[in-house]
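**Q** This is data-v2.csv (CSV, C-alpha atoms).
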```csv
chain,number,residue,atom,x,y,z
A,1317,GLU,CA,-15.9,-6.7,-14.6
A,1318,LEU,CA,-12.5,-6.6,-12.8
A,1319,ARG,CA,-14.1,-5.4,-9.5
A,1320,ASN,CA,-16.7,-8.2,-9.7
A,1321,ILE,CA,-14.0,-10.9,-9.8
A,1322,GLY,CA,-11.8,-9.3,-7.1
A,1323,TRP,CA,-9.0,-8.0,-9.4
A,1324,LEU,CA,-9.1,-4.4,-8.4
A,1325,LYS,CA,-7.8,-2.8,-5.2
A,1326,ALA,CA,-10.6,-1.7,-2.8
A,1327,ALA,CA,-9.9,2.0,-3.3
A,1328,ASN,CA,-8.0,4.2,-5.7
A,1329,SER,CA,-8.1,1.5,-8.4
A,1330,VAL,CA,-7.8,3.8,-11.4
A,1331,THR,CA,-5.4,6.8,-11.5
A,1332,PRO,CA,-3.9,9.1,-14.1
A,1333,PHE,CA,-0.6,7.8,-15.6
A,1334,ALA,CA,2.3,9.9,-16.7
A,1335,PRO,CA,2.8,10.8,-19.5
A,1336,SER,CA,-0.8,11.8,-19.3
A,1337,THR,CA,-1.6,11.0,-22.9
A,1338,ASP,CA,-0.3,8.6,-25.6
A,1339,ALA,CA,1.0,9.7,-29.0
A,1340,GLY,CA,-2.6,9.9,-30.3
A,1341,GLY,CA,-3.8,12.2,-27.4
A,1342,VAL,CA,-5.7,9.4,-25.6
A,1343,ALA,CA,-5.6,9.9,-21.8
A,1344,LEU,CA,-3.6,7.2,-20.1
A,1345,ARG,CA,-4.8,5.6,-16.9
A,1346,ALA,CA,-3.2,3.1,-14.5
A,1347,VAL,CA,-5.5,0.3,-13.2
A,1348,HIS,CA,-4.2,-1.0,-9.9
A,1349,LEU,CA,-4.8,-4.7,-9.4
A,1350,SER,CA,-5.5,-6.5,-6.2
A,1351,GLN,CA,-3.0,-9.3,-5.2
A,1352,LYS,CA,-5.3,-11.8,-6.9
A,1353,GLY,CA,-5.3,-9.8,-10.2
A,1354,ALA,CA,-1.5,-9.2,-10.0
A,1355,ALA,CA,-0.8,-12.9,-9.3
A,1356,ALA,CA,-2.8,-13.8,-12.5
A,1357,MET,CA,-0.9,-11.2,-14.5
A,1358,GLU,CA,2.5,-12.4,-13.2
A,1359,VAL,CA,2.0,-15.9,-14.6
A,1360,GLU,CA,1.3,-14.2,-18.0
A,1361,SER,CA,-1.5,-16.7,-18.7
A,1362,VAL,CA,-3.9,-14.9,-21.0
A,1363,GLY,CA,-6.3,-17.8,-20.5
A,1364,GLU,CA,-6.6,-16.8,-16.8
A,1365,MET,CA,-7.4,-13.2,-17.6
A,1366,PRO,CA,-10.9,-11.9,-18.1
A,1367,PRO,CA,-11.6,-11.7,-21.9
A,1368,THR,CA,-11.6,-7.9,-22.0
A,1369,VAL,CA,-8.2,-7.8,-20.3
A,1370,SER,CA,-6.6,-10.5,-22.5
A,1371,ALA,CA,-7.8,-8.7,-25.6
A,1372,LEU,CA,-6.2,-5.4,-24.5
A,1373,VAL,CA,-3.0,-7.2,-23.6
A,1374,GLU,CA,-2.8,-9.2,-26.8
A,1375,ASP,CA,-3.4,-6.1,-29.0
A,1376,GLY,CA,-0.8,-4.0,-27.1
A,1377,THR,CA,-3.4,-1.5,-25.8
A,1378,ALA,CA,-2.6,-2.4,-22.2
A,1379,TRP,CA,0.5,-3.8,-20.5
A,1380,TYR,CA,1.3,-5.1,-17.1
A,1381,VAL,CA,3.8,-3.0,-15.0
A,1382,PRO,CA,4.8,-5.0,-11.9
A,1383,GLY,CA,5.1,-2.9,-8.7
A,1384,LEU,CA,3.3,0.1,-10.0
A,1385,ARG,CA,1.5,1.6,-7.0
A,1386,VAL,CA,-1.3,4.1,-6.7
A,1387,ARG,CA,1.1,6.8,-5.3
A,1388,SER,CA,4.1,6.0,-7.5
A,1389,LEU,CA,5.6,9.0,-9.2
A,1390,ALA,CA,4.2,7.8,-12.6
A,1391,CYS,CA,0.7,8.0,-11.1
A,1392,LEU,CA,1.1,11.3,-9.2
A,1393,VAL,CA,1.3,13.4,-12.3
A,1394,GLY,CA,2.8,16.5,-10.7
A,1395,ALA,CA,2.0,15.9,-7.1
A,1396,GLN,CA,4.7,15.1,-4.5
A,1397,PRO,CA,4.2,13.5,-1.1
A,1398,LYS,CA,4.2,15.8,1.9
A,1399,LEU,CA,6.7,14.6,4.5
A,1400,VAL,CA,6.4,15.5,8.2
A,1401,ASP,CA,9.0,18.0,9.4
A,1402,ARG,CA,11.2,16.7,12.1
A,1403,ASP,CA,10.6,18.3,15.6
A,1404,PRO,CA,14.1,19.4,16.8
A,1405,THR,CA,13.1,18.5,20.4
A,1406,ALA,CA,12.3,14.8,19.5
A,1407,ARG,CA,14.9,12.3,20.7
A,1408,PHE,CA,14.3,10.2,17.6
A,1409,THR,CA,11.8,9.7,14.8
A,1410,PHE,CA,9.9,6.6,13.8
A,1411,SER,CA,7.6,5.3,11.1
A,1412,GLU,CA,4.8,2.9,11.8
A,1413,LEU,CA,3.7,0.3,9.3
A,1414,PHE,CA,0.5,-1.7,10.2
A,1415,ALA,CA,0.0,0.9,13.0
A,1416,GLY,CA,-3.3,-0.6,14.2
A,1417,ILE,CA,-4.7,1.7,17.0
A,1418,GLY,CA,-1.2,3.1,17.8
A,1419,GLY,CA,0.3,0.8,20.4
A,1420,PHE,CA,3.8,1.3,19.2
A,1421,ARG,CA,3.3,5.0,18.9
A,1422,LEU,CA,2.0,5.3,22.5
A,1423,ALA,CA,5.1,3.7,23.9
A,1424,LEU,CA,7.5,5.5,21.5
A,1425,ASP,CA,5.9,8.9,22.2
A,1426,LYS,CA,6.5,8.4,25.9
A,1427,LEU,CA,10.2,7.7,25.1
A,1428,GLY,CA,10.5,11.1,23.4
A,1429,GLY,CA,10.0,9.9,19.8
A,1430,GLN,CA,8.2,11.6,17.0
A,1431,SER,CA,6.0,9.7,14.5
A,1432,VAL,CA,6.8,10.9,11.0
A,1433,PHE,CA,4.6,8.3,9.1
A,1434,ALA,CA,1.9,5.8,9.9
A,1435,SER,CA,-0.1,3.4,7.8
A,1436,GLU,CA,-3.1,1.3,8.7
A,1437,HIS,CA,-5.5,-0.6,6.3
A,1438,GLU,CA,-8.4,-1.3,8.6
A,1439,PRO,CA,-10.9,1.7,8.8
A,1440,GLU,CA,-12.0,1.1,12.4
A,1441,ALA,CA,-8.4,0.9,13.6
A,1442,SER,CA,-7.6,4.1,11.6
A,1443,GLN,CA,-10.5,5.9,13.2
A,1444,VAL,CA,-9.2,5.0,16.7
A,1445,TYR,CA,-5.7,6.0,15.8
A,1446,GLU,CA,-6.9,9.4,14.4
A,1447,ALA,CA,-9.0,10.0,17.6
A,1448,ALA,CA,-6.0,9.2,19.8
A,1449,PHE,CA,-3.3,11.1,17.9
A,1450,GLY,CA,-5.0,13.7,15.9
A,1451,ALA,CA,-3.8,12.5,12.5
A,1452,ALA,CA,-5.2,9.7,10.3
A,1453,PRO,CA,-2.7,7.1,9.2
A,1454,HIS,CA,-2.1,6.5,5.5
A,1455,GLY,CA,-4.1,3.6,4.2
A,1456,ASP,CA,-3.1,0.3,2.5
A,1457,ILE,CA,0.7,0.0,2.8
A,1458,THR,CA,0.7,-1.7,-0.6
A,1459,GLU,CA,-0.3,1.6,-2.1
A,1460,VAL,CA,2.4,3.7,-0.4
A,1461,GLU,CA,5.7,4.5,-2.1
A,1462,ALA,CA,8.9,4.4,-0.1
A,1463,ASN,CA,9.5,8.1,-0.8
A,1464,GLU,CA,6.2,8.9,1.0
A,1465,ILE,CA,7.6,7.4,4.2
A,1466,GLY,CA,10.6,9.6,4.4
A,1467,PRO,CA,13.6,9.4,6.7
A,1468,HIS,CA,13.2,8.0,10.2
A,1469,ASP,CA,15.4,6.6,12.9
A,1470,LEU,CA,13.2,3.6,13.8
A,1471,LEU,CA,10.7,1.5,11.8
A,1472,THR,CA,8.0,-0.4,13.5
A,1473,ALA,CA,5.7,-2.9,11.8
A,1474,GLY,CA,3.1,-5.0,13.5
A,1475,PHE,CA,2.2,-6.9,10.4
A,1476,PRO,CA,-0.8,-9.2,10.4
A,1477,CYS,CA,-0.2,-12.3,12.4
A,1478,GLN,CA,-3.6,-14.1,11.6
A,1479,PRO,CA,-2.1,-16.3,8.9
A,1480,PHE,CA,0.5,-17.7,11.3
A,1481,SER,CA,-1.4,-17.6,14.6
A,1482,SER,CA,-2.9,-20.6,16.3
A,1483,LEU,CA,-6.1,-18.6,16.6
A,1484,GLY,CA,-6.1,-17.9,12.8
A,1485,ASP,CA,-6.5,-20.1,9.8
A,1486,LYS,CA,-2.8,-21.0,9.7
A,1487,GLN,CA,-2.6,-20.4,5.9
A,1488,GLY,CA,0.8,-18.9,6.3
A,1489,LEU,CA,2.2,-17.5,3.0
A,1490,SER,CA,-0.9,-18.7,1.1
A,1491,ASP,CA,-2.9,-16.0,2.8
A,1492,SER,CA,-2.3,-12.6,1.2
A,1493,ARG,CA,-1.8,-11.1,4.6
A,1494,GLY,CA,1.0,-13.5,5.2
A,1495,THR,CA,3.1,-11.9,2.6
A,1496,LEU,CA,2.7,-8.4,3.8
A,1497,TYR,CA,6.0,-8.6,5.6
A,1498,LEU,CA,7.6,-8.2,2.2
A,1499,GLU,CA,6.4,-4.6,2.2
A,1500,ILE,CA,8.7,-4.0,5.1
A,1501,VAL,CA,11.7,-5.4,3.3
```
Written as structure tokens, that's how I'd like the structure from this file.

**A**
Amino acid sequence: ELRNIGWLKAANSVTPFAPSTDAGGVALRAVHLSQKGAAAMEVESVGEMPPTVSALVEDGTAWYVPGLRVRSLACLVGAQPKLVDRDPTARFTFSELFAGIGGFRLALDKLGGQSVFASEHEPEASQVYEAAFGAAPHGDITEVEANEIGPHDLLTAGFPCQPFSSLGDKQGLSDSRGTLYLEIV
């Protein structure tokens, strides 16, 4: 039901949740909402929720946890993110958010930098990036925890410009892509 109305993230929408069971031994799961679903939950309007969700919220079986991400520590249940080891010969390190096909990386590699993290949501761009650099970028930045990015000297972020561009729909902050800069902050 939630996927049909656009409330679930495209991938990894259900994960284990720590502690892994409740007091009665029932396995706990985190359901990761899309921006549309999260926005409806933020206003706490049970009337805007699908009936199954409002029933779960009203009886206390489910609750809304703002900011919970697929890779948050509560959802990793024992796993820890693998950080890239710094190359001692690198002049500096950098992380790339909204990496696209790797334009920033191409330039920064030539300057002696080392990429220690990259994220890209679009599958086609990720494939080009992986073919060019030998490593696939992490996916959707809204599903990445800050501790997965690790330390870096420089952060690059070519966040989507379509909501603001004269070639785009000019929806600005009304377009969900227009608020992705908040992931940088």

**Q** As an exercise, work out the distance from atom CA of A:Thr1368 to atom CA of A:Gly1341 in Å and give it to one decimal place.

**A**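 Pair atom CA of A:Thr1368 / atom CA of A:Gly1341 returns 22.2 Å.
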
**Q** Quick one, how far is atom CA of A:Lys1426 from atom CA of A:Phe1410?

**A**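 We find that atom CA of A:Lys1426 and atom CA of A:Phe1410 lie 12.7 Å from each other.
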
**Q** Quote the spacing between atom CA of A:Glu1440 and atom CA of A:Glu1461 in Å to one decimal place.

**A**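 Atom-to-atom, atom CA of A:Glu1440 and atom CA of A:Glu1461 are spaced 23.1 Å apart.
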